[in-house]
file input00.cif (mmCIF, C-alpha atoms)
data_entry
#
loop_
_atom_site.label_atom_id
_atom_site.label_comp_id
_atom_site.auth_asym_id
_atom_site.auth_seq_id
_atom_site.Cartn_x
_atom_site.Cartn_y
_atom_site.Cartn_z
CA MET A 71 3.07 -28.31 -8.93
CA THR A 72 3.58 -27.94 -5.17
CA THR A 73 7.33 -27.35 -5.51
CA ALA A 74 6.81 -24.90 -8.38
CA ARG A 75 4.22 -22.99 -6.38
CA THR A 76 6.45 -22.89 -3.30
CA GLU A 77 9.30 -21.46 -5.39
CA LEU A 78 6.93 -18.97 -7.03
CA ASP A 79 5.62 -17.76 -3.66
CA ALA A 80 9.19 -17.30 -2.40
CA TRP A 81 10.12 -15.36 -5.54
CA VAL A 82 7.07 -13.10 -5.12
CA ARG A 83 8.13 -12.27 -1.55
CA GLU A 84 11.66 -11.49 -2.73
CA LEU A 85 10.35 -9.21 -5.46
CA MET A 86 8.05 -7.36 -3.09
CA GLY A 87 11.10 -6.66 -0.96
CA TRP A 88 12.91 -5.32 -4.04
CA HIS A 89 10.22 -3.34 -5.86
CA PHE A 90 8.81 -1.66 -2.74
CA ASN A 91 12.07 -0.88 -1.00
CA PRO A 92 12.80 2.86 -1.38
CA ASP A 93 16.43 2.03 -2.15
CA THR A 94 15.78 -0.43 -4.98
CA GLY A 95 12.21 0.02 -6.26
CA CYS A 96 11.16 2.13 -9.25
CA PRO A 97 9.40 5.49 -8.77
CA PHE A 98 6.16 4.20 -10.32
CA TRP A 99 5.60 1.40 -7.78
CA LEU A 100 6.88 3.39 -4.82
CA ASP A 101 4.43 6.19 -5.66
CA TRP A 102 1.67 3.64 -6.23
CA ALA A 103 2.19 2.09 -2.81
CA ALA A 104 2.22 5.49 -1.11
CA ARG A 105 -1.14 6.34 -2.70
CA ALA A 106 -2.62 2.89 -2.02
CA GLY A 107 -1.82 3.16 1.69
CA TRP A 108 -0.59 -0.41 2.19
CA ASP A 109 2.83 -2.07 2.05
CA PRO A 110 3.14 -5.06 -0.33
CA ARG A 111 6.28 -6.13 1.54
CA ILE A 112 4.04 -6.95 4.48
CA GLU A 113 0.73 -7.91 2.90
CA VAL A 114 1.87 -9.94 -0.13
CA ARG A 115 3.23 -13.26 1.09
CA ALA A 116 2.32 -15.50 -1.86
CA TYR A 117 1.47 -15.38 -5.56
CA ASP A 118 -2.29 -15.38 -4.94
CA ASP A 119 -1.94 -12.23 -2.83
CA LEU A 120 -1.04 -10.30 -5.99
CA ASP A 121 -4.80 -10.07 -6.60
CA LYS A 122 -4.68 -7.20 -4.11
CA PHE A 123 -3.12 -5.03 -6.81
CA GLY A 124 -6.15 -5.30 -9.10
CA SER A 125 -5.63 -5.31 -12.87
CA PHE A 126 -2.54 -3.67 -14.32
CA GLN A 127 -3.52 -0.94 -16.80
CA ASP A 128 -1.68 -0.83 -20.12
CA GLU A 129 -2.13 2.96 -20.24
CA TRP A 130 0.45 3.13 -17.43
CA LEU A 131 3.07 2.07 -19.97
CA ARG A 132 2.23 4.71 -22.58
CA GLY A 133 4.34 7.85 -22.65
CA GLY A 134 6.87 9.20 -20.17
CA PRO A 135 8.76 9.80 -18.15
CA ILE A 136 10.13 6.36 -18.95
CA ARG A 137 12.59 6.47 -16.06
CA ARG A 138 9.74 6.12 -13.59
CA TRP A 139 9.97 2.41 -14.48
CA VAL A 140 13.71 2.06 -13.87
CA PRO A 141 14.36 0.43 -10.47
CA ARG A 142 16.67 2.51 -8.28
CA GLY A 143 18.70 -0.63 -7.73
CA PHE A 144 19.66 -0.43 -11.41
CA ALA A 145 20.10 3.33 -11.58
CA THR A 146 23.71 3.12 -12.77
CA ARG A 147 23.06 0.42 -15.42
CA PRO A 148 22.52 1.07 -19.15
CA VAL A 149 18.79 0.97 -19.90
CA TYR A 150 17.00 -0.28 -23.00
CA THR A 151 13.41 0.57 -23.83
CA PHE A 152 11.34 -1.65 -26.10
CA GLU A 153 7.97 -0.84 -27.62
CA THR A 154 4.88 -2.90 -28.25
CA GLY A 155 1.85 -1.76 -30.21
CA GLY A 156 1.91 1.76 -31.57
CA SER A 157 0.01 1.21 -34.82
CA THR A 158 -2.36 3.86 -33.48
CA GLY A 159 -1.48 6.29 -30.71
CA VAL A 160 1.37 6.11 -28.25
CA PRO A 161 3.03 2.66 -28.01
CA LYS A 162 3.53 0.89 -24.70
CA SER A 163 7.16 0.87 -23.52
CA ARG A 164 8.99 -1.53 -21.25
CA VAL A 165 12.42 -0.86 -19.79
CA ASN A 166 15.05 -3.60 -19.90
CA ILE A 167 18.50 -3.97 -18.50
CA THR A 168 19.30 -7.65 -19.06
CA ASP A 169 15.85 -9.32 -19.00
CA PHE A 170 15.73 -9.83 -22.76
CA ARG A 171 19.03 -11.66 -22.67
CA THR A 172 18.04 -13.82 -19.70
CA ASP A 173 14.68 -14.74 -21.26
CA TYR A 174 16.27 -15.92 -24.48
CA GLU A 175 19.10 -17.76 -22.76
CA LEU A 176 16.49 -19.75 -20.82
CA PHE A 177 14.54 -20.35 -24.03
CA SER A 178 17.72 -21.55 -25.73
CA ARG A 179 17.67 -24.61 -23.46
CA THR A 180 14.42 -25.76 -25.13
CA LEU A 181 15.92 -25.82 -28.66
CA PRO A 182 17.32 -29.19 -29.75
CA ASP A 183 20.96 -28.89 -30.84
CA GLN A 184 20.36 -31.41 -33.63
CA PHE A 185 18.18 -28.89 -35.47
CA PHE A 186 19.54 -25.61 -34.05
CA PRO A 187 23.25 -26.48 -34.20
CA PRO A 188 25.46 -24.50 -31.81
CA GLY A 189 27.77 -22.25 -33.81
CA SER A 190 25.42 -21.98 -36.77
CA ASP A 191 24.14 -18.65 -38.01
CA TRP A 192 20.59 -17.31 -37.78
CA LEU A 193 18.29 -15.22 -39.96
CA HIS A 194 15.70 -12.95 -38.35
CA VAL A 195 12.75 -12.40 -40.70
CA GLY A 196 10.57 -10.40 -38.36
CA PRO A 197 9.99 -6.94 -36.90
CA SER A 198 12.94 -4.61 -36.58
CA GLY A 199 13.05 -1.09 -35.15
CA PRO A 200 12.18 -0.34 -31.50
CA ARG A 201 11.18 -3.90 -30.65
CA ARG A 202 12.70 -6.32 -28.19
CA LEU A 203 12.59 -9.15 -30.72
CA ARG A 204 15.28 -7.72 -32.96
CA LEU A 205 17.95 -7.61 -30.22
CA ALA A 206 16.64 -10.75 -28.52
CA ILE A 207 16.99 -12.99 -31.59
CA GLU A 208 20.44 -11.55 -32.21
CA HIS A 209 21.41 -12.36 -28.62
CA LEU A 210 19.96 -15.87 -28.96
CA ALA A 211 22.13 -16.46 -32.02
CA GLN A 212 25.21 -15.10 -30.26
CA TYR A 213 24.49 -17.08 -27.09
CA ARG A 214 24.40 -20.24 -29.19
CA GLY A 215 27.68 -19.27 -30.86
CA GLY A 216 26.38 -17.88 -34.13
CA ILE A 217 25.85 -14.62 -36.00
CA CYS A 218 22.39 -13.20 -36.75
CA PHE A 219 21.45 -11.70 -40.09
CA MET A 220 18.48 -9.30 -40.24
CA VAL A 221 15.85 -8.04 -42.66
CA ASP A 222 14.24 -4.62 -42.31
CA LEU A 223 10.55 -4.85 -41.44
CA ASP A 224 8.13 -2.23 -40.08
CA PRO A 225 4.87 -3.98 -39.06
CA ARG A 226 3.20 -0.64 -38.25
CA TRP A 227 3.40 0.35 -41.90
CA VAL A 228 1.81 -2.97 -42.92
CA ILE A 229 -1.05 -2.43 -40.46
CA LYS A 230 -1.66 1.07 -41.84
CA LEU A 231 -1.78 -0.28 -45.38
CA ILE A 232 -4.35 -2.89 -44.34
CA LYS A 233 -6.51 -0.28 -42.62
CA TRP A 234 -6.36 1.86 -45.77
CA GLY A 235 -7.41 -1.11 -47.90
CA GLU A 236 -4.11 -1.07 -49.81
CA ILE A 237 -3.90 -4.85 -50.15
CA GLU A 238 -1.70 -4.71 -53.25
CA MET A 239 0.79 -2.59 -51.32
CA VAL A 240 0.68 -5.09 -48.45
CA ASP A 241 1.57 -7.87 -50.88
CA ALA A 242 4.34 -5.73 -52.38
CA TYR A 243 5.78 -5.05 -48.93
CA LYS A 244 5.66 -8.75 -48.06
CA ARG A 245 7.57 -9.50 -51.28
CA HIS A 246 10.09 -6.83 -50.30
CA VAL A 247 10.68 -8.58 -46.96
CA ILE A 248 10.92 -12.04 -48.53
CA ASP A 249 13.32 -10.75 -51.19
CA GLN A 250 15.62 -9.50 -48.43
CA ALA A 251 15.51 -12.93 -46.78
CA LEU A 252 16.21 -14.81 -50.01
CA ILE A 253 19.24 -12.65 -50.78
CA LEU A 254 20.70 -13.31 -47.32
CA ILE A 255 20.04 -17.06 -47.44
CA LYS A 256 21.71 -17.36 -50.85
CA ALA A 257 24.67 -15.23 -49.81
CA HIS A 258 25.36 -16.96 -46.47
CA ASP A 259 25.32 -20.75 -46.53
CA SER A 260 26.14 -20.79 -42.81
CA ILE A 261 22.50 -19.95 -41.94
CA ARG A 262 20.87 -22.98 -40.35
CA CYS A 263 18.30 -21.38 -38.03
CA LEU A 264 15.44 -19.03 -38.75
CA PHE A 265 13.07 -16.84 -36.77
CA THR A 266 9.94 -15.66 -38.55
CA THR A 267 6.15 -15.40 -38.32
CA PRO A 268 3.61 -17.89 -39.72
CA LYS A 269 2.61 -15.69 -42.67
CA LEU A 270 6.19 -14.91 -43.61
CA LEU A 271 7.29 -18.54 -43.22
CA GLU A 272 4.62 -19.64 -45.68
CA ALA A 273 5.56 -16.84 -48.10
CA LEU A 274 9.25 -17.74 -47.85
CA CYS A 275 8.59 -21.41 -48.49
CA GLU A 276 6.66 -20.53 -51.65
CA LYS A 277 9.94 -19.20 -53.03
CA MET A 278 12.46 -21.75 -51.74
CA SER A 279 13.03 -25.10 -50.04
CA LEU A 280 14.22 -24.82 -46.44
CA LYS A 281 15.85 -28.23 -46.74
CA LYS A 282 17.81 -27.35 -49.87
CA ALA A 283 18.89 -24.08 -48.26
CA GLY A 284 20.22 -25.99 -45.24
CA ILE A 285 17.79 -24.49 -42.72
CA THR A 286 17.01 -27.18 -40.15
CA GLY A 287 15.31 -25.23 -37.33
CA VAL A 288 12.58 -22.59 -37.37
CA PHE A 289 11.59 -20.61 -34.27
CA CYS A 290 8.20 -19.13 -35.12
CA GLY A 291 5.95 -16.67 -33.28
CA GLY A 292 2.76 -14.83 -34.10
CA THR A 293 -0.98 -14.72 -33.59
CA GLU A 294 -1.74 -16.74 -36.74
CA MET A 295 -0.36 -19.86 -35.03
CA THR A 296 -3.31 -22.23 -35.33
CA PRO A 297 -3.38 -26.03 -35.04
CA GLN A 298 -4.00 -26.12 -38.79
CA PHE A 299 -0.89 -24.06 -39.48
CA HIS A 300 1.09 -26.10 -36.95
CA ARG A 301 0.36 -29.28 -38.87
CA PHE A 302 0.95 -27.60 -42.24
CA ALA A 303 4.30 -26.24 -41.09
CA VAL A 304 5.54 -29.56 -39.70
CA GLU A 305 4.26 -31.79 -42.50
CA GLU A 306 4.74 -29.52 -45.50
CA LEU A 307 6.99 -26.53 -44.90
CA MET A 308 9.74 -27.87 -42.64
CA GLU A 309 10.77 -30.83 -44.84
CA GLY A 310 12.08 -32.76 -41.86
CA GLY A 311 13.35 -29.76 -39.90
CA TYR A 312 12.23 -28.73 -36.41
CA PHE A 313 9.37 -26.29 -35.90
CA ALA A 314 9.39 -24.41 -32.57
CA PRO A 315 6.21 -22.34 -32.11
CA THR A 316 6.43 -19.77 -29.34
CA TYR A 317 4.09 -17.43 -27.47
CA GLY A 318 5.84 -14.31 -26.32
CA ASN A 319 5.78 -10.57 -26.19
CA THR A 320 7.68 -7.56 -24.90
CA LEU A 321 5.84 -7.57 -21.59
CA MET A 322 6.21 -11.26 -20.76
CA GLY A 323 9.24 -12.75 -22.39
CA LEU A 324 8.80 -16.23 -23.85
CA ALA A 325 6.47 -19.13 -23.18
CA ALA A 326 8.02 -22.31 -24.56
CA HIS A 327 6.07 -24.89 -26.55
CA LYS A 328 5.45 -28.43 -25.41
CA PRO A 329 6.78 -30.79 -28.11
CA PRO A 330 3.71 -32.21 -29.88
CA THR A 331 2.40 -35.70 -29.24
CA PRO A 332 -0.28 -37.56 -31.24
CA GLU A 333 -2.87 -37.08 -28.48
CA ASP A 334 -2.43 -33.30 -28.70
CA ASP A 335 -3.94 -33.37 -32.22
CA TRP A 336 -1.69 -30.49 -33.33
CA ALA A 337 -2.87 -28.18 -30.56
CA ILE A 338 -0.19 -25.63 -29.69
CA ILE A 339 0.54 -25.79 -25.97
CA TYR A 340 2.70 -23.21 -24.22
CA TYR A 341 4.10 -22.95 -20.71
CA PRO A 342 5.31 -19.66 -19.19
CA PRO A 343 8.83 -19.22 -17.78
CA LEU A 344 7.92 -19.58 -14.10
CA PRO A 345 8.80 -17.86 -11.82
CA ARG A 346 9.74 -14.96 -14.13
CA ALA A 347 6.25 -14.85 -15.61
CA ALA A 348 2.96 -16.62 -14.93
CA ILE A 349 -0.01 -17.08 -17.26
CA GLU A 350 -3.54 -17.83 -16.16
CA VAL A 351 -6.77 -18.30 -18.09
CA VAL A 352 -9.52 -16.30 -16.43
CA ASP A 353 -13.23 -15.66 -16.80
CA PRO A 354 -13.53 -12.59 -19.08
CA ASP A 355 -16.42 -11.25 -17.00
CA GLU A 356 -14.79 -12.05 -13.66
CA PRO A 357 -11.03 -11.76 -14.26
CA THR A 358 -10.07 -12.73 -10.71
CA LYS A 359 -11.56 -16.19 -11.33
CA VAL A 360 -9.36 -18.80 -13.04
CA VAL A 361 -11.35 -21.15 -15.30
CA ASP A 362 -11.23 -24.94 -15.01
CA TYR A 363 -8.79 -27.05 -17.03
CA GLY A 364 -9.88 -27.32 -20.65
CA GLU A 365 -12.16 -24.30 -20.45
CA THR A 366 -11.73 -21.16 -22.53
CA GLY A 367 -10.98 -17.76 -21.04
CA ARG A 368 -8.94 -14.62 -21.38
CA VAL A 369 -5.18 -14.78 -20.86
CA ARG A 370 -3.96 -12.97 -17.74
CA LEU A 371 -0.25 -12.27 -17.44
CA THR A 372 1.89 -11.50 -14.41
CA THR A 373 5.53 -10.55 -15.06
CA LEU A 374 7.90 -11.02 -12.14
CA THR A 375 11.49 -9.89 -12.61
CA LYS A 376 13.63 -7.41 -10.72
CA GLU A 377 13.59 -5.17 -13.77
CA PHE A 378 9.83 -5.21 -14.33
CA PHE A 379 6.85 -6.03 -12.14
CA MET A 380 3.46 -6.23 -13.87
CA PRO A 381 0.69 -7.96 -11.88
CA ARG A 382 -2.56 -9.26 -13.37
CA PHE A 383 -2.43 -7.78 -16.87
CA LEU A 384 -5.31 -8.85 -19.12
CA GLU A 385 -3.89 -9.71 -22.53
CA ARG A 386 -5.79 -9.30 -25.80
CA ASP A 387 -5.65 -13.10 -26.20
CA GLU A 388 -7.83 -16.04 -25.24
CA ALA A 389 -6.94 -19.71 -24.82
CA GLU A 390 -7.83 -22.94 -23.06
CA ARG A 391 -6.29 -23.66 -19.66
CA GLU A 392 -3.80 -26.52 -19.92
CA ARG A 393 -2.77 -28.92 -17.18
CA PRO A 394 0.85 -29.12 -15.98
CA CYS A 395 3.07 -31.69 -17.68
CA ALA A 396 6.25 -33.55 -16.73
CA GLN A 397 8.50 -30.98 -18.41
CA TYR A 398 6.59 -27.97 -17.05
CA PRO A 399 4.91 -28.71 -13.69
CA TRP A 400 2.64 -25.66 -13.75
CA ASP A 401 -0.34 -24.40 -15.75
CA GLY A 402 -0.05 -23.72 -19.46
CA VAL A 403 -2.27 -22.45 -22.26
CA ARG A 404 -3.59 -24.18 -25.37
CA ASN A 405 -4.23 -22.61 -28.79
CA VAL A 406 -3.69 -18.94 -27.97
CA ARG A 407 -5.59 -16.63 -30.33
CA PRO A 408 -6.93 -13.07 -30.41
CA PHE A 409 -9.58 -12.45 -27.76
CA SER A 410 -12.90 -13.06 -29.55
CA ARG A 411 -14.51 -9.90 -28.20
CA PHE A 412 -11.68 -7.87 -29.72
CA ALA A 413 -11.02 -9.96 -32.81
CA LYS A 414 -12.68 -7.64 -35.31
CA ALA A 415 -10.65 -4.69 -34.04
CA VAL A 416 -7.27 -6.45 -34.12
CA VAL A 417 -5.20 -6.12 -37.30
CA GLU A 418 -2.17 -8.39 -37.22
CA GLY A 419 -0.43 -7.55 -40.51
CA VAL A 420 2.60 -9.75 -41.08
CA TYR A 421 2.03 -11.84 -37.95
#

call {"tool": "encode", "arguments": {"input": "input00.cif", "output": "structure tokens"}}
result
Amino acid sequence: MTTARTELDAWVRELMGWHFNPDTGCPFWLDWAARAGWDPRIEVRAYDDLDKFGSFQDEWLRGGPIRRWVPRGFATRPVYTFETGGSTGVPKSRVNITDFRTDYELFSRTLPDQFFPPGSDWLHVGPSGPRRLRLAIEHLAQYRGGICFMVDLDPRWVIKLIKWGEIEMVDAYKRHVIDQALILIKAHDSIRCLFTTPKLLEALCEKMSLKKAGITGVFCGGTEMTPQFHRFAVEELMEGGYFAPTYGNTLMGLAAHKPPTPEDDWAIIYYPPLPRAAIEVVDPDEPTKVVDYGETGRVRLTTLTKEFFMPRFLERDEAERERPCAQYPWDGVRNVRPFSRFAKAVVEGVY
């Protein structure tokens, strides 16, 4: 943990020098620092000093001008923008240059080649449209030497149908998505790897056998990832294949799963990609206070890349704080789920 923290502190200092340098920083943070009246390049010397920024507000990411988030150091580079949310109101947007590729290349190292064979093709049965995930899974497939096939899926439409009480239409739309996946799997016997969500994985497996189709690895993400589903997926759905649950989003990137052991009792344990992002579990009523190991709290995210700096963002999730492990010598989170104080207001749709 000491080495990881030393490297994290050094990375924070480097990023302060980048994001708050008038030649390389983005207009948003340069303007913020001018209004705040203090220089993070001087006053932020370690990760804990980021508390001086207070909580990052998600409203800052809604609407334009989007270029206020583009670092001047990347002014001549092609810019992507990816959205998150947007089922009601203006979605949050995050600019990307190469972060989404880097995040998924790092994640690729956690996938066992035995079950995610290099050179094999992938199927993405998840959100399409203005989301990072669609390009990220495609890049993951390409990085591992394969081709990625896609379905067309608009989760915002599903959420609207749920809010309107149109449950039959939700089921019809889910069938529409699964039908697309089945057609692709039958037409392309080179597909060995799959990304999807828990609900869609279960629906797909009701219609086909992953083993008979030749799919040996499933990378799965979504808020319905419970210990119960984890066990069900491994023991029933995967038929001997590898199940890789993942916690990630547009703002963070990817937190990799710790391979399960019997003592974990099917808990899903994730570790963030330090130093590019850090996750803490904090007291919901005192979000500057990190809870003790094993205790429940709200997830607090800090994203730390040269493309995007987001300190102390309170996620809409809760979890238990997990101790470091041999593979990941820094804090993790256990059994991430919707924040209980928000749970009734969160509609997850196909996730």

call {"tool": "closest_residue", "arguments": {"input": "input00.cif", "among": "A:Leu176, A:Val228, A:Leu307, A:Leu131", "to": "Arg346 of chain A", "atoms": "all atoms listed in the file"}}
result
A:Leu176

call {"tool": "resolve_selection", "arguments": {"input": "input00.cif", "expression": "the PyMOL selection byres ((chain A and resi 314) around 7)", "output": "PDB file with C-alpha atoms, in the frame of the given file"}}
result
ATOM      1  CA  VAL A 288      12.580 -22.590 -37.370  1.00  0.00           C
ATOM      2  CA  PHE A 289      11.590 -20.610 -34.270  1.00  0.00           C
ATOM      3  CA  CYS A 290       8.200 -19.130 -35.120  1.00  0.00           C
ATOM      4  CA  TYR A 312      12.230 -28.730 -36.410  1.00  0.00           C
ATOM      5  CA  PHE A 313       9.370 -26.290 -35.900  1.00  0.00           C
ATOM      6  CA  PRO A 315       6.210 -22.340 -32.110  1.00  0.00           C
ATOM      7  CA  THR A 316       6.430 -19.770 -29.340  1.00  0.00           C
ATOM      8  CA  HIS A 327       6.070 -24.890 -26.550  1.00  0.00           C
TER       9      HIS A 327
END

call {"tool": "closest_residue", "arguments": {"input": "input00.cif", "among": "A:Trp81, A:Ala257, A:Arg115, A:Gly291", "to": "Ala347 of chain A", "atoms": "all atoms listed in the file"}}
result
A:Trp81

call {"tool": "atom_distance", "arguments": {"input": "input00.cif", "atom1": "atom CA of Val369 of chain A", "atom2": "atom CA of Asp109 of chain A"}}
result
27.4 Å

call {"tool": "residues_around", "arguments": {"input": "input00.cif", "residues": "Ala326 of chain A", "least_positions_apart": "2", "cutoff": "9 Å", "atoms": "all atoms listed in the file", "output": "list of chain:residue names"}}
result
A:Phe177, A:Thr180, A:Ala314, A:Pro315, A:Thr316, A:Tyr317, A:Gly318, A:Leu324, A:Lys328, A:Ile339, A:Tyr340, A:Tyr341, A:Pro342, A:Pro343

call {"tool": "resolve_selection", "arguments": {"input": "input00.cif", "expression": "the PyMOL selection byres ((chain A and resi 119) around 12)", "output": "list in words"}}
result
Leu78, Asp79, Val82, Arg83, Met86, Pro110, Arg111, Ile112, Glu113, Val114, Arg115, Ala116, Tyr117, Asp118, Leu120, Asp121, Lys122, Phe123, Gly124, Thr358, Pro381 and Arg382 of chain A

call {"tool": "closest_residue", "arguments": {"input": "input00.cif", "among": "A:His89, A:Gly133, A:Thr73, A:Ile167", "to": "Trp102 of chain A", "atoms": "all atoms listed in the file"}}
result
A:His89

call {"tool": "atom_distance", "arguments": {"input": "input00.cif", "atom1": "atom CA of Gly287 of chain A", "atom2": "atom CA of Phe185 of chain A"}}
result
5.0 Å

call {"tool": "resolve_selection", "arguments": {"input": "input00.cif", "expression": "the PyMOL selection byres ((chain A and resi 406) around 6)", "output": "number ranges by chain"}}
result
A: 388-389, 404-405, 407

call {"tool": "build_atoms", "arguments": {"input": "input00.cif", "residues": "segment 262-278 of chain A", "atoms": "N, CA and C atoms", "output": "PDB file, keeping the file's coordinate frame"}}
result
ATOM      1  N   ARG A 262      21.567 -21.720 -40.606  1.00  0.00           N
ATOM      2  CA  ARG A 262      20.870 -22.980 -40.350  1.00  0.00           C
ATOM      3  C   ARG A 262      19.566 -22.780 -39.566  1.00  0.00           C
ATOM      4  N   CYS A 263      19.420 -21.615 -38.936  1.00  0.00           N
ATOM      5  CA  CYS A 263      18.300 -21.380 -38.030  1.00  0.00           C
ATOM      6  C   CYS A 263      17.567 -20.103 -38.451  1.00  0.00           C
ATOM      7  N   LEU A 264      16.265 -20.121 -38.261  1.00  0.00           N
ATOM      8  CA  LEU A 264      15.440 -19.030 -38.750  1.00  0.00           C
ATOM      9  C   LEU A 264      14.411 -18.634 -37.697  1.00  0.00           C
ATOM     10  N   PHE A 265      14.251 -17.328 -37.470  1.00  0.00           N
ATOM     11  CA  PHE A 265      13.070 -16.840 -36.770  1.00  0.00           C
ATOM     12  C   PHE A 265      12.192 -16.124 -37.767  1.00  0.00           C
ATOM     13  N   THR A 266      10.888 -16.407 -37.735  1.00  0.00           N
ATOM     14  CA  THR A 266       9.940 -15.660 -38.550  1.00  0.00           C
ATOM     15  C   THR A 266       8.537 -15.860 -38.012  1.00  0.00           C
ATOM     16  N   THR A 267       7.561 -15.293 -38.708  1.00  0.00           N
ATOM     17  CA  THR A 267       6.150 -15.400 -38.320  1.00  0.00           C
ATOM     18  C   THR A 267       5.457 -16.403 -39.246  1.00  0.00           C
ATOM     19  N   PRO A 268       4.282 -16.904 -38.863  1.00  0.00           N
ATOM     20  CA  PRO A 268       3.610 -17.890 -39.720  1.00  0.00           C
ATOM     21  C   PRO A 268       3.382 -17.401 -41.156  1.00  0.00           C
ATOM     22  N   LYS A 269       2.885 -16.188 -41.315  1.00  0.00           N
ATOM     23  CA  LYS A 269       2.610 -15.690 -42.670  1.00  0.00           C
ATOM     24  C   LYS A 269       3.871 -15.575 -43.497  1.00  0.00           C
ATOM     25  N   LEU A 270       4.952 -15.090 -42.867  1.00  0.00           N
ATOM     26  CA  LEU A 270       6.190 -14.910 -43.610  1.00  0.00           C
ATOM     27  C   LEU A 270       6.878 -16.250 -43.878  1.00  0.00           C
ATOM     28  N   LEU A 271       6.730 -17.209 -42.969  1.00  0.00           N
ATOM     29  CA  LEU A 271       7.290 -18.540 -43.220  1.00  0.00           C
ATOM     30  C   LEU A 271       6.636 -19.162 -44.451  1.00  0.00           C
ATOM     31  N   GLU A 272       5.328 -19.072 -44.524  1.00  0.00           N
ATOM     32  CA  GLU A 272       4.620 -19.640 -45.680  1.00  0.00           C
ATOM     33  C   GLU A 272       5.043 -18.935 -46.962  1.00  0.00           C
ATOM     34  N   ALA A 273       5.149 -17.598 -46.906  1.00  0.00           N
ATOM     35  CA  ALA A 273       5.560 -16.840 -48.100  1.00  0.00           C
ATOM     36  C   ALA A 273       6.981 -17.190 -48.513  1.00  0.00           C
ATOM     37  N   LEU A 274       7.866 -17.385 -47.545  1.00  0.00           N
ATOM     38  CA  LEU A 274       9.250 -17.740 -47.850  1.00  0.00           C
ATOM     39  C   LEU A 274       9.335 -19.114 -48.495  1.00  0.00           C
ATOM     40  N   CYS A 275       8.544 -20.050 -47.967  1.00  0.00           N
ATOM     41  CA  CYS A 275       8.590 -21.410 -48.490  1.00  0.00           C
ATOM     42  C   CYS A 275       7.955 -21.531 -49.871  1.00  0.00           C
ATOM     43  N   GLU A 276       7.172 -20.557 -50.277  1.00  0.00           N
ATOM     44  CA  GLU A 276       6.660 -20.530 -51.650  1.00  0.00           C
ATOM     45  C   GLU A 276       7.767 -20.229 -52.645  1.00  0.00           C
ATOM     46  N   LYS A 277       8.855 -19.627 -52.149  1.00  0.00           N
ATOM     47  CA  LYS A 277       9.940 -19.200 -53.030  1.00  0.00           C
ATOM     48  C   LYS A 277      11.174 -20.105 -52.958  1.00  0.00           C
ATOM     49  N   MET A 278      11.261 -20.945 -51.934  1.00  0.00           N
ATOM     50  CA  MET A 278      12.460 -21.750 -51.740  1.00  0.00           C
ATOM     51  C   MET A 278      12.167 -22.971 -50.893  1.00  0.00           C
TER      52      MET A 278
END
